[in-house]
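Trainee: Got a file for you: final36.csv, CSV, C-alpha atoms and all ligand atoms.
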```csv
chain,number,residue,atom,x,y,z
Q,12,MET,CA,-88.5,20.8,-16.9
Q,13,VAL,CA,-88.2,20.2,-13.2
Q,14,VAL,CA,-86.0,17.6,-11.4
Q,15,ILE,CA,-87.3,16.5,-8.0
Q,16,MET,CA,-84.5,15.3,-5.8
Q,17,LYS,CA,-84.8,12.5,-3.3
Q,18,ARG,CA,-85.5,13.5,0.2
Q,19,GLY,CA,-82.3,13.9,2.2
Q,20,THR,CA,-79.9,14.2,-0.7
Q,21,ALA,CA,-76.6,15.7,0.4
Q,22,GLN,CA,-76.0,19.3,-0.8
Q,23,ALA,CA,-72.7,18.2,-2.4
Q,24,GLU,CA,-74.7,15.8,-4.7
Q,25,ILE,CA,-77.2,18.6,-5.5
Q,26,ASP,CA,-74.3,20.9,-6.4
Q,27,LYS,CA,-72.7,18.3,-8.6
Q,28,LEU,CA,-75.8,17.6,-10.6
Q,29,THR,CA,-76.5,21.4,-10.8
Q,30,ASN,CA,-73.0,21.9,-12.4
Q,31,GLU,CA,-73.5,19.1,-14.8
Q,32,LEU,CA,-76.8,20.6,-15.9
Q,33,ILE,CA,-75.3,24.1,-16.3
Q,34,ALA,CA,-72.5,22.5,-18.4
Q,35,LYS,CA,-75.3,21.2,-20.7
Q,36,GLY,CA,-76.3,24.8,-21.3
Q,37,VAL,CA,-79.4,25.3,-19.2
Q,38,GLU,CA,-80.1,27.7,-16.3
Q,39,VAL,CA,-80.8,25.9,-13.0
Q,40,SER,CA,-83.1,27.5,-10.4
Q,41,PRO,CA,-83.0,25.5,-7.1
Q,42,VAL,CA,-86.1,25.7,-4.9
Q,43,VAL,CA,-85.5,24.5,-1.4
Q,44,GLY,CA,-88.9,23.8,0.2
Q,45,THR,CA,-89.6,22.5,3.7
Q,46,ASP,CA,-89.1,18.9,2.7
Q,47,LEU,CA,-88.3,18.9,-1.0
Q,48,VAL,CA,-85.5,20.2,-3.2
Q,49,ILE,CA,-86.5,20.9,-6.8
Q,50,LEU,CA,-84.2,22.0,-9.6
Q,51,GLY,CA,-86.1,24.0,-12.2
Q,52,LEU,CA,-84.5,24.1,-15.6
Q,53,VAL,CA,-84.9,26.8,-18.1
Q,54,GLY,CA,-83.5,27.3,-21.5
Q,55,ASP,CA,-83.0,24.6,-24.2
Q,56,THR,CA,-83.9,21.5,-22.3
Q,57,THR,CA,-84.0,19.3,-25.4
Q,58,LYS,CA,-80.3,18.6,-24.8
Q,59,ILE,CA,-81.1,17.0,-21.4
Q,60,ASP,CA,-81.9,13.3,-21.6
Q,61,ASP,CA,-84.6,12.1,-19.2
Q,62,ASN,CA,-83.0,8.7,-19.0
Q,63,TRP,CA,-79.6,10.2,-18.0
Q,64,LEU,CA,-81.3,12.2,-15.2
Q,65,GLU,CA,-83.4,9.3,-14.0
Q,66,ALA,CA,-80.2,7.1,-13.8
Q,67,ASN,CA,-78.9,9.5,-11.1
Q,68,ARG,CA,-79.6,7.8,-7.8
Q,69,ASN,CA,-80.5,11.1,-6.1
Q,70,VAL,CA,-83.2,12.0,-8.6
Q,71,GLU,CA,-86.7,11.1,-7.5
Q,72,ARG,CA,-88.6,12.2,-10.6
Q,73,VAL,CA,-88.3,14.3,-13.8
Q,74,GLN,CA,-91.4,16.3,-14.9
Q,75,HIS,CA,-91.9,18.3,-18.1
Q,76,ILE,CA,-93.8,21.6,-17.9
Q,77,SER,CA,-96.1,22.0,-20.9
Q,78,GLU,CA,-96.9,25.6,-20.1
Q,79,PRO,CA,-94.7,28.3,-21.7
Q,80,PHE,CA,-94.2,30.0,-18.3
Q,81,LYS,CA,-91.6,28.2,-16.2
Q,82,LYS,CA,-90.3,30.4,-13.3
Q,83,ALA,CA,-93.9,31.6,-12.7
Q,84,ASN,CA,-95.2,28.0,-12.8
Q,85,ARG,CA,-96.3,26.2,-9.6
Q,86,MET,CA,-94.4,23.1,-10.7
Q,87,PHE,CA,-91.2,25.1,-10.4
Q,88,HIS,CA,-92.1,26.3,-6.9
Q,89,PRO,CA,-94.9,24.2,-5.3
Q,90,GLU,CA,-95.2,26.5,-2.2
Q,91,ASP,CA,-96.9,29.9,-2.3
Q,92,THR,CA,-94.5,32.8,-2.9
Q,93,VAL,CA,-94.7,35.5,-0.2
Q,94,VAL,CA,-93.5,38.9,-1.4
Q,95,ASP,CA,-92.1,41.2,1.3
Q,96,VAL,CA,-92.7,44.9,0.8
Q,97,CYS,CA,-90.9,46.7,3.6
Q,98,GLY,CA,-92.1,44.1,6.1
Q,99,GLN,CA,-95.6,43.9,4.7
Q,100,LYS,CA,-96.1,40.4,3.3
Q,101,ILE,CA,-98.2,39.8,0.2
Q,102,GLY,CA,-99.2,36.1,-0.2
Q,103,GLY,CA,-99.1,34.9,3.3
Q,104,LYS,CA,-101.9,34.2,5.8
Q,105,ARG,CA,-102.6,37.9,6.3
Q,106,LEU,CA,-104.4,39.7,3.4
Q,107,ALA,CA,-102.7,42.8,2.1
Q,108,VAL,CA,-104.8,45.9,1.6
Q,109,ILE,CA,-103.4,48.6,-0.7
Q,110,ALA,CA,-105.5,51.8,-0.5
Q,111,GLY,CA,-105.3,55.4,-1.7
Q,112,PRO,CA,-106.3,57.7,-4.4
Q,113,CYS,CA,-106.1,57.1,-8.1
Q,114,SER,CA,-103.6,60.0,-8.4
Q,115,VAL,CA,-101.5,62.1,-6.0
Q,116,GLU,CA,-103.0,65.6,-6.2
Q,117,SER,CA,-101.4,67.6,-3.3
Q,118,GLU,CA,-99.5,67.1,-0.1
Q,119,GLU,CA,-102.6,67.7,2.0
Q,120,GLN,CA,-104.6,65.2,-0.1
Q,121,ILE,CA,-102.1,62.3,-0.1
Q,122,CYS,CA,-101.0,62.7,3.5
Q,123,GLY,CA,-104.6,63.1,4.7
Q,124,ILE,CA,-105.8,60.0,2.8
Q,125,ALA,CA,-102.7,58.0,3.9
Q,126,GLN,CA,-103.4,58.8,7.5
Q,127,GLU,CA,-107.1,57.8,7.3
Q,128,VAL,CA,-106.6,54.5,5.4
Q,129,LYS,CA,-103.8,53.5,7.8
Q,130,GLU,CA,-106.0,54.0,10.8
Q,131,LEU,CA,-108.7,51.9,9.1
Q,132,GLY,CA,-106.3,49.0,8.5
Q,133,ALA,CA,-104.6,49.5,5.1
Q,134,ASN,CA,-101.1,48.0,4.9
Q,135,LEU,CA,-99.8,49.9,1.8
Q,136,LEU,CA,-100.5,53.2,0.2
Q,137,ARG,CA,-101.3,53.6,-3.5
Q,138,GLY,CA,-101.3,56.8,-5.5
Q,139,GLY,CA,-100.5,57.5,-9.1
Q,140,ALA,CA,-97.8,60.0,-10.0
Q,141,PHE,CA,-97.4,59.1,-13.7
Q,142,LYS,CA,-100.9,58.5,-15.1
Q,143,PRO,CA,-101.6,56.5,-18.3
Q,144,ARG,CA,-104.6,58.5,-19.5
Q,145,THR,CA,-106.6,57.7,-22.6
Q,146,SER,CA,-106.7,61.4,-23.5
Q,147,PRO,CA,-103.5,63.4,-23.8
Q,148,TYR,CA,-105.5,66.4,-22.6
Q,149,ALA,CA,-106.5,64.8,-19.3
Q,150,PHE,CA,-104.5,65.2,-16.0
Q,151,GLN,CA,-101.2,63.2,-16.5
Q,152,GLY,CA,-100.2,63.2,-12.9
Q,153,LEU,CA,-97.7,65.2,-10.8
Q,154,LYS,CA,-94.9,63.0,-12.0
Q,155,TYR,CA,-91.6,63.4,-10.0
Q,156,GLN,CA,-93.3,65.9,-7.6
Q,157,GLY,CA,-95.9,63.2,-7.0
Q,158,LEU,CA,-93.2,60.8,-6.0
Q,159,GLU,CA,-91.9,63.3,-3.5
Q,160,LEU,CA,-95.4,63.7,-2.0
Q,161,LEU,CA,-95.7,60.0,-1.7
Q,162,LYS,CA,-92.5,59.9,0.2
Q,163,LYS,CA,-93.8,62.5,2.6
Q,164,ALA,CA,-97.0,60.4,3.2
Q,165,LYS,CA,-94.7,57.4,3.9
Q,166,GLU,CA,-92.7,59.4,6.4
Q,167,LYS,CA,-95.8,60.4,8.2
Q,168,THR,CA,-97.6,57.0,8.2
Q,169,GLY,CA,-94.9,54.4,7.6
Q,170,LEU,CA,-97.1,52.9,4.8
Q,171,PRO,CA,-95.0,51.5,1.9
Q,172,ILE,CA,-95.6,53.2,-1.5
Q,173,VAL,CA,-97.2,51.6,-4.5
Q,174,THR,CA,-97.1,53.6,-7.7
Q,175,GLU,CA,-97.1,53.1,-11.4
Q,176,ILE,CA,-94.1,53.2,-13.7
Q,177,MET,CA,-94.6,54.0,-17.4
Q,178,ALA,CA,-91.1,54.2,-18.9
Q,179,PRO,CA,-87.8,52.2,-18.5
Q,180,HIS,CA,-85.9,55.5,-18.0
Q,181,ASP,CA,-87.6,56.0,-14.6
Q,182,ILE,CA,-86.5,52.7,-13.2
Q,183,GLU,CA,-83.5,54.2,-11.2
Q,184,VAL,CA,-85.8,56.8,-9.5
Q,185,PHE,CA,-88.5,54.2,-8.8
Q,186,GLU,CA,-85.9,51.7,-7.4
Q,187,ARG,CA,-84.8,54.3,-5.0
Q,188,ASP,CA,-88.2,55.9,-4.0
Q,189,VAL,CA,-90.9,53.3,-4.5
Q,190,ASP,CA,-91.6,50.1,-2.5
Q,191,LEU,CA,-93.9,48.2,-4.8
Q,192,ILE,CA,-93.6,49.2,-8.5
Q,193,GLN,CA,-96.9,48.9,-10.4
Q,194,VAL,CA,-96.9,48.0,-14.0
Q,195,GLY,CA,-100.3,49.1,-15.3
Q,196,ALA,CA,-102.7,47.2,-17.5
Q,197,ARG,CA,-101.7,49.2,-20.5
Q,198,ASN,CA,-98.0,48.3,-20.1
Q,199,MET,CA,-98.5,44.6,-19.3
Q,200,GLN,CA,-96.9,43.7,-22.6
Q,201,ASN,CA,-94.3,46.5,-22.7
Q,202,PHE,CA,-91.6,43.8,-22.9
Q,203,ASP,CA,-88.7,46.2,-22.8
Q,204,LEU,CA,-90.0,47.6,-19.5
Q,205,LEU,CA,-90.7,44.2,-18.1
Q,206,ARG,CA,-87.2,43.0,-19.1
Q,207,GLU,CA,-85.6,46.0,-17.4
Q,208,LEU,CA,-87.7,45.4,-14.2
Q,209,GLY,CA,-86.3,41.9,-14.2
Q,210,HIS,CA,-82.8,43.3,-13.5
Q,211,ILE,CA,-83.8,45.0,-10.2
Q,212,ARG,CA,-84.9,43.3,-7.0
Q,213,LYS,CA,-87.8,45.6,-6.1
Q,214,PRO,CA,-91.2,43.9,-5.9
Q,215,ILE,CA,-93.4,44.4,-8.9
Q,216,LEU,CA,-97.2,44.7,-9.0
Q,217,LEU,CA,-98.1,43.3,-12.5
Q,218,LYS,CA,-101.7,44.3,-13.5
Q,219,ARG,CA,-103.5,42.1,-16.0
Q,220,GLY,CA,-103.7,43.7,-19.5
Q,221,LEU,CA,-107.0,45.1,-20.7
Q,222,SER,CA,-107.6,42.0,-23.0
Q,223,ALA,CA,-104.9,39.7,-21.8
Q,224,THR,CA,-105.5,36.0,-21.3
Q,225,ILE,CA,-104.3,34.4,-18.1
Q,226,GLU,CA,-101.4,32.8,-20.1
Q,227,GLU,CA,-100.3,36.1,-21.6
Q,228,TRP,CA,-100.4,37.7,-18.1
Q,229,LEU,CA,-98.2,34.9,-16.7
Q,230,MET,CA,-95.8,35.2,-19.6
Q,231,SER,CA,-95.4,38.8,-18.7
Q,232,ALA,CA,-94.6,37.8,-15.1
Q,233,GLU,CA,-92.1,35.3,-16.7
Q,234,TYR,CA,-90.3,38.2,-18.5
Q,235,ILE,CA,-89.7,39.9,-15.1
Q,236,MET,CA,-88.7,36.6,-13.4
Q,237,ALA,CA,-86.5,35.5,-16.3
Q,238,GLY,CA,-84.2,38.4,-15.5
Q,239,GLY,CA,-83.9,37.2,-11.9
Q,240,ASN,CA,-86.5,39.4,-10.2
Q,241,GLU,CA,-88.9,36.8,-8.6
Q,242,ASN,CA,-90.8,39.4,-6.5
Q,243,VAL,CA,-93.9,39.6,-8.6
Q,244,VAL,CA,-97.4,40.2,-7.3
Q,245,LEU,CA,-100.2,39.7,-9.9
Q,246,CYS,CA,-103.3,42.0,-10.0
Q,247,GLU,CA,-106.6,41.1,-11.6
Q,248,ARG,CA,-108.3,44.4,-12.5
Q,249,GLY,CA,-111.0,43.4,-14.9
Q,250,ILE,CA,-110.9,42.6,-18.6
Q,251,ARG,CA,-112.7,43.9,-21.7
Q,252,THR,CA,-115.8,42.0,-22.5
Q,253,PHE,CA,-119.0,42.9,-24.6
Q,254,GLU,CA,-120.5,44.4,-21.4
Q,255,THR,CA,-120.5,48.2,-21.2
Q,256,TYR,CA,-122.4,48.7,-17.9
Q,257,THR,CA,-119.3,48.3,-15.9
Q,258,ARG,CA,-115.9,49.8,-16.9
Q,259,ASN,CA,-114.5,46.2,-17.2
Q,260,THR,CA,-115.6,42.8,-16.2
Q,261,LEU,CA,-113.9,41.4,-13.0
Q,262,ASP,CA,-112.7,38.0,-13.9
Q,263,LEU,CA,-113.1,36.3,-10.5
Q,264,SER,CA,-112.3,32.9,-12.0
Q,265,ALA,CA,-108.8,34.1,-12.8
Q,266,ILE,CA,-108.0,34.0,-9.1
Q,267,PRO,CA,-108.3,30.2,-8.5
Q,268,ALA,CA,-106.9,29.6,-12.0
Q,269,VAL,CA,-103.8,31.6,-11.3
Q,270,LYS,CA,-103.4,30.0,-7.9
Q,271,LYS,CA,-103.4,26.6,-9.5
Q,272,LEU,CA,-101.1,27.5,-12.4
Q,273,SER,CA,-98.6,29.7,-10.4
Q,274,HIS,CA,-97.1,30.2,-7.0
Q,275,LEU,CA,-97.2,34.0,-7.3
Q,276,PRO,CA,-99.6,36.0,-5.0
Q,277,VAL,CA,-102.6,37.7,-6.6
Q,278,VAL,CA,-104.5,40.7,-5.5
Q,279,VAL,CA,-107.8,42.1,-6.9
Q,280,ASP,CA,-108.6,45.7,-7.9
Q,281,PRO,CA,-112.4,46.1,-7.7
Q,282,SER,CA,-112.2,49.8,-8.5
Q,283,HIS,CA,-110.9,49.7,-12.0
Q,284,ALA,CA,-112.8,46.4,-12.6
Q,285,THR,CA,-116.2,48.1,-12.1
Q,286,GLY,CA,-115.6,51.8,-12.5
Q,287,LYS,CA,-118.5,52.4,-10.0
Q,288,TRP,CA,-117.8,53.2,-6.3
Q,289,TRP,CA,-120.9,51.5,-5.1
Q,290,MET,CA,-119.9,48.1,-6.6
Q,291,VAL,CA,-116.5,48.1,-4.9
Q,292,GLU,CA,-117.6,46.7,-1.6
Q,293,SER,CA,-119.4,43.7,-3.0
Q,294,LEU,CA,-116.7,42.8,-5.4
Q,295,ALA,CA,-114.0,43.2,-2.8
Q,296,ARG,CA,-115.9,40.7,-0.6
Q,297,ALA,CA,-116.2,38.3,-3.5
Q,298,ALA,CA,-112.4,38.7,-4.3
Q,299,VAL,CA,-111.5,37.7,-0.7
Q,300,ALA,CA,-114.0,34.8,-0.8
Q,301,VAL,CA,-112.5,33.4,-4.0
Q,302,GLY,CA,-109.0,33.4,-2.5
Q,303,ALA,CA,-107.3,36.6,-3.4
Q,304,ASP,CA,-104.2,37.5,-1.4
Q,305,GLY,CA,-105.2,41.1,-1.1
Q,306,LEU,CA,-106.9,44.1,-2.6
Q,307,ILE,CA,-106.0,47.4,-4.2
Q,308,ILE,CA,-108.7,49.9,-3.7
Q,309,GLU,CA,-109.1,53.6,-4.7
Q,310,VAL,CA,-110.0,55.7,-1.7
Q,311,HIS,CA,-110.5,59.5,-2.0
Q,312,ASN,CA,-111.6,62.1,0.6
Q,313,ASP,CA,-113.5,64.1,-2.0
Q,314,PRO,CA,-114.4,61.8,-5.0
Q,315,ALA,CA,-116.6,64.4,-6.6
Q,316,ASN,CA,-113.6,66.7,-7.2
Q,317,ALA,CA,-110.9,64.0,-7.7
Q,318,LEU,CA,-108.6,64.7,-10.7
Q,319,CYS,CA,-108.9,61.1,-11.8
Q,320,ASP,CA,-111.3,58.2,-11.3
Q,321,GLY,CA,-113.6,59.9,-8.7
Q,322,GLN,CA,-116.6,57.9,-9.9
Q,323,GLN,CA,-114.9,54.6,-8.7
Q,324,SER,CA,-113.3,55.9,-5.5
Q,325,ILE,CA,-114.8,55.2,-2.1
Q,326,LYS,CA,-114.6,57.6,0.8
Q,327,PRO,CA,-112.6,56.6,3.8
Q,328,LYS,CA,-115.8,55.9,5.8
Q,329,VAL,CA,-116.9,53.3,3.3
Q,330,PHE,CA,-113.4,51.9,3.2
Q,331,GLY,CA,-113.6,51.4,7.0
Q,332,GLU,CA,-116.9,49.7,6.8
Q,333,LEU,CA,-115.6,47.4,4.0
Q,334,MET,CA,-112.6,46.4,6.2
Q,335,GLU,CA,-115.1,45.3,8.9
Q,336,GLN,CA,-117.1,43.3,6.4
Q,337,LEU,CA,-114.0,41.6,5.1
Q,338,ARG,CA,-112.8,40.3,8.4
Q,339,PRO,CA,-115.3,37.5,8.9
Q,340,ILE,CA,-114.9,36.4,5.3
Q,341,ALA,CA,-111.1,36.2,5.7
Q,342,GLN,CA,-111.5,34.3,9.0
Q,343,ALA,CA,-113.9,31.8,7.4
Q,344,LEU,CA,-111.1,31.0,4.9
Q,345,GLY,CA,-108.4,30.7,7.7
Q,346,ARG,CA,-106.9,34.0,6.8
Q,347,GLU,CA,-106.4,37.3,8.7
Q,348,LEU,CA,-107.0,40.9,7.9
O,1,LIG,C1,-104.4,52.6,-11.7
O,1,LIG,O1,-104.2,51.7,-10.8
O,1,LIG,O2,-104.6,53.8,-11.4
O,1,LIG,C2,-104.5,52.2,-13.1
O,1,LIG,C3,-104.3,53.1,-14.1
O,1,LIG,O3,-104.9,50.9,-13.3
O,1,LIG,P1,-105.0,50.0,-14.6
O,1,LIG,O4,-103.6,49.9,-15.1
O,1,LIG,O5,-105.4,48.7,-14.0
O,1,LIG,O6,-106.0,50.6,-15.5
O,2,MN,MN,-107.4,54.9,-11.3
```
Written as structure tokens, how would this file's structure read?
Mentor:
Amino acid sequence: MVVIMKRGTAQAEIDKLTNELIAKGVEVSPVVGTDLVILGLVGDTTKIDDNWLEANRNVERVQHISEPFKKANRMFHPEDTVVDVCGQKIGGKRLAVIAGPCSVESEEQICGIAQEVKELGANLLRGGAFKPRTSPYAFQGLKYQGLELLKKAKEKTGLPIVTEIMAPHDIEVFERDVDLIQVGARNMQNFDLLRELGHIRKPILLKRGLSATIEEWLMSAEYIMAGGNENVVLCERGIRTFETYTRNTLDLSAIPAVKKLSHLPVVVDPSHATGKWWMVESLARAAVAVGADGLIIEVHNDPANALCDGQQSIKPKVFGELMEQLRPIAQALGREL
């Protein structure tokens, strides 16, 4: 339920109504836009009488939200949310480009790739330290040592770190060392992890689950936001379909859908979506054209010998070419790269 206040309502009146609503047992999230003040109500709103609210002379309108996600809903927050990751904005006019290897392998590898992608225009560095692998015998990542190497790459390049968390017990370390905490597709419905991430204020990159509907994905964002952490960036990374030619099927229609339903920024991962390096450029172009706020792309200096996902990793040279191709597309949409 949202309460839209009349333009120019005095703050004291807004506070008074807020306290009355809290006394009725609901949580009130005020959103102060450029010219509107909206009070978003969560909790058991059945106790709130529409007629009582509409009788308040400062209330313009009351609207009910039929979707189960509230804080993630665009009705709660009509303006686009811009998430700030160490000064790099995700969701504004400028597109965010997150690039780097699937996994951190060595100091030389992560620092070298970080330097190259930075020079070619990336804004943030990705690299997995804790890897969710299908096989328990596959490389599981360098774990805490991997985080240390990411920190070295950040020191050398200034690029903020994006890396995946798998377990709630690592939150303290991630909160200290990581700039944008990634929740992978396999953990999108790990509700204990999501709830815990709601208690911190670090930005979260929430990947869409392997077979998650858009509503389930937004409900996972809601889990994080319900705890008070509203710094959520969504990531479409392809979903399971009957098609086996590609690793997943990139759901490009999810981008405009999510933009309509939610105020949260959304980025696209064409690497995991296709599983094929030579498809990454065309789908990255399509993602920007369809309105994504950014991209997360796997880049490796030696894909043939990568410890994880070499087949879908592009070389720095191809990444540089892609950045050039994306520029006019972004410009045509009134955005920057
Ligand atoms: C990754 O980004 O390396 C990854 C494992 O992605 P996803 O969770 O989308 O499969
Ligand atoms: Mn990967």
Trainee: Ligand MN 2 (chain O): which residues are within 8 Å, counting only C-alpha atoms and all ligand atoms, as a PyMOL selection string?
Mentor: chain Q and resi 112-114+139+282-283+309+319-320+323
Trainee: Just checking: using all atoms listed in the file, which residue out of Q:Glu116, Q:Glu175, Q:Glu183, Q:Glu207 ends up closest to ligand LIG 1 (chain O)?
Mentor: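 Selected residue with least distance to ligand LIG 1 (chain O): Q:Glu175.
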Trainee: Just give me the gap between CA of Val42 in chain Q and CA of His88 in chain Q in Å, one decimal is fine.
Mentor: 6.4 Å
Trainee: Quote the spacing between CA of His274 in chain Q and CA of Asp91 in chain Q in Å to one decimal place.
Mentor: 4.7 Å
Trainee: Compare Q:Met86, Q:Ile25, Q:Ile59, Q:Leu263 by their minimum atom-to-atom distance to Val37 in chain Q, counting only C-alpha atoms, and give me the closest one.
Mentor: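 That would be Q:Ile59, the residue with the smallest distance to Val37 in chain Q.
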Trainee: What do you get as an NGL selection string if you pick all residues at most 9 Å from ligand LIG 1 (chain O), counting all atoms listed in the file?
Mentor: :Q and (112-114 or 137-139 or 142-144 or 174-175 or 193-199 or 217-221 or 246-249 or 280 or 282-284 or 307-309 or 319-320)
Trainee: Keeping only C-alpha atoms, take the residues you just selected and write them out as an mmCIF file, keeping the file's coordinate frame.
Mentor:
```cif
data_model
loop_
_atom_site.group_PDB
_atom_site.id
_atom_site.type_symbol
_atom_site.label_atom_id
_atom_site.label_comp_id
_atom_site.auth_asym_id
_atom_site.auth_seq_id
_atom_site.Cartn_x
_atom_site.Cartn_y
_atom_site.Cartn_z
ATOM 1 C CA PRO Q 112 -106.300 57.700 -4.400
ATOM 2 C CA CYS Q 113 -106.100 57.100 -8.100
ATOM 3 C CA SER Q 114 -103.600 60.000 -8.400
ATOM 4 C CA ARG Q 137 -101.300 53.600 -3.500
ATOM 5 C CA GLY Q 138 -101.300 56.800 -5.500
ATOM 6 C CA GLY Q 139 -100.500 57.500 -9.100
ATOM 7 C CA LYS Q 142 -100.900 58.500 -15.100
ATOM 8 C CA PRO Q 143 -101.600 56.500 -18.300
ATOM 9 C CA ARG Q 144 -104.600 58.500 -19.500
ATOM 10 C CA THR Q 174 -97.100 53.600 -7.700
ATOM 11 C CA GLU Q 175 -97.100 53.100 -11.400
ATOM 12 C CA GLN Q 193 -96.900 48.900 -10.400
ATOM 13 C CA VAL Q 194 -96.900 48.000 -14.000
ATOM 14 C CA GLY Q 195 -100.300 49.100 -15.300
ATOM 15 C CA ALA Q 196 -102.700 47.200 -17.500
ATOM 16 C CA ARG Q 197 -101.700 49.200 -20.500
ATOM 17 C CA ASN Q 198 -98.000 48.300 -20.100
ATOM 18 C CA MET Q 199 -98.500 44.600 -19.300
ATOM 19 C CA LEU Q 217 -98.100 43.300 -12.500
ATOM 20 C CA LYS Q 218 -101.700 44.300 -13.500
ATOM 21 C CA ARG Q 219 -103.500 42.100 -16.000
ATOM 22 C CA GLY Q 220 -103.700 43.700 -19.500
ATOM 23 C CA LEU Q 221 -107.000 45.100 -20.700
ATOM 24 C CA CYS Q 246 -103.300 42.000 -10.000
ATOM 25 C CA GLU Q 247 -106.600 41.100 -11.600
ATOM 26 C CA ARG Q 248 -108.300 44.400 -12.500
ATOM 27 C CA GLY Q 249 -111.000 43.400 -14.900
ATOM 28 C CA ASP Q 280 -108.600 45.700 -7.900
ATOM 29 C CA SER Q 282 -112.200 49.800 -8.500
ATOM 30 C CA HIS Q 283 -110.900 49.700 -12.000
ATOM 31 C CA ALA Q 284 -112.800 46.400 -12.600
ATOM 32 C CA ILE Q 307 -106.000 47.400 -4.200
ATOM 33 C CA ILE Q 308 -108.700 49.900 -3.700
ATOM 34 C CA GLU Q 309 -109.100 53.600 -4.700
ATOM 35 C CA CYS Q 319 -108.900 61.100 -11.800
ATOM 36 C CA ASP Q 320 -111.300 58.200 -11.300
#
```
Trainee: Using all atoms listed in the file, pick whichever of Q:Asp262, Q:Glu31, Q:Asp190, Q:Glu130 has the shortest atom-to-atom distance to Ala303 in chain Q.
Mentor: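 Result for the nearest residue to Ala303 in chain Q: Q:Asp262.
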Trainee: Taking into account only C-alpha atoms, which residue in the set Q:Thr168, Q:Ser146, Q:Asn134, Q:Gln200 is nearest to Trp228 in chain Q?
Mentor: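 Distance minimum relative to Trp228 in chain Q lands on Q:Gln200.
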Trainee: Looking at only C-alpha atoms, which of Q:Ile109, Q:Val14, Q:Pro147, Q:Arg258 is the one that sits closest to Val96 in chain Q?
Mentor: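 Between Q:Ile109, Q:Val14, Q:Pro147, Q:Arg258, the residue approaching Val96 in chain Q most closely is Q:Ile109.
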Trainee: Rank nothing, just name the residue among Q:Gly321, Q:Pro79, Q:Gly111, Q:Gly302 nearest to Ala268 in chain Q, using all atoms listed in the file.
Mentor: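 Among the listed residues, the smallest separation from Ala268 in chain Q belongs to Q:Gly302.
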Trainee: Taking 4 positions as the minimum chain separation for residues in the same chain, which residues sit within 12 Å of Val301 in chain Q when counting all atoms listed in the file? Answer as a list in words.
Mentor: Asp262, Leu263, Ser264, Ala265, Ile266, Pro267, Ala268, Val269, Lys270, Val277, Val278, Val279, Leu294, Ala295, Arg296, Ala297, Gly305, Ile340, Ala341, Ala343 and Leu344 of chain Q
Trainee: Hey, can you spit out that residue selection with C-alpha atoms as a PDB file, in the coordinates of the input?
Mentor:
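Output file result38.pdb follows:
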```pdb
ATOM      1  CA  ASP Q 262    -112.700  38.000 -13.900  1.00  0.00           C
ATOM      2  CA  LEU Q 263    -113.100  36.300 -10.500  1.00  0.00           C
ATOM      3  CA  SER Q 264    -112.300  32.900 -12.000  1.00  0.00           C
ATOM      4  CA  ALA Q 265    -108.800  34.100 -12.800  1.00  0.00           C
ATOM      5  CA  ILE Q 266    -108.000  34.000  -9.100  1.00  0.00           C
ATOM      6  CA  PRO Q 267    -108.300  30.200  -8.500  1.00  0.00           C
ATOM      7  CA  ALA Q 268    -106.900  29.600 -12.000  1.00  0.00           C
ATOM      8  CA  VAL Q 269    -103.800  31.600 -11.300  1.00  0.00           C
ATOM      9  CA  LYS Q 270    -103.400  30.000  -7.900  1.00  0.00           C
ATOM     10  CA  VAL Q 277    -102.600  37.700  -6.600  1.00  0.00           C
ATOM     11  CA  VAL Q 278    -104.500  40.700  -5.500  1.00  0.00           C
ATOM     12  CA  VAL Q 279    -107.800  42.100  -6.900  1.00  0.00           C
ATOM     13  CA  LEU Q 294    -116.700  42.800  -5.400  1.00  0.00           C
ATOM     14  CA  ALA Q 295    -114.000  43.200  -2.800  1.00  0.00           C
ATOM     15  CA  ARG Q 296    -115.900  40.700  -0.600  1.00  0.00           C
ATOM     16  CA  ALA Q 297    -116.200  38.300  -3.500  1.00  0.00           C
ATOM     17  CA  GLY Q 305    -105.200  41.100  -1.100  1.00  0.00           C
ATOM     18  CA  ILE Q 340    -114.900  36.400   5.300  1.00  0.00           C
ATOM     19  CA  ALA Q 341    -111.100  36.200   5.700  1.00  0.00           C
ATOM     20  CA  ALA Q 343    -113.900  31.800   7.400  1.00  0.00           C
ATOM     21  CA  LEU Q 344    -111.100  31.000   4.900  1.00  0.00           C
TER      22      LEU Q 344
END
```
Trainee: Suppose you want the space between CA of Val13 in chain Q and CA of Lys271 in chain Q; what is it in Å?
Mentor: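 It comes out at 16.9 Å.
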Trainee: Fewer than 3 positions away in the same chain doesn't count, so skip those; otherwise give me all residues within 12 Å of Met236 in chain Q, counting all atoms listed in the file, as a PyMOL selection string.
Mentor: chain Q and resi 40+53+80-84+205-215+217+229-233+239-244+275
Trainee: Excluding same-chain residues fewer than 3 positions from Gln322 in chain Q, what lies within 10 Å of it counting all atoms listed in the file, as a list in words?
Mentor: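 Residues near the query, excluding close chain neighbours: Ser282, Gly286, Lys287, Trp288, Trp289, Pro314, Ala315, Asn316, Ala317, Cys319 and Ile325 of chain Q.
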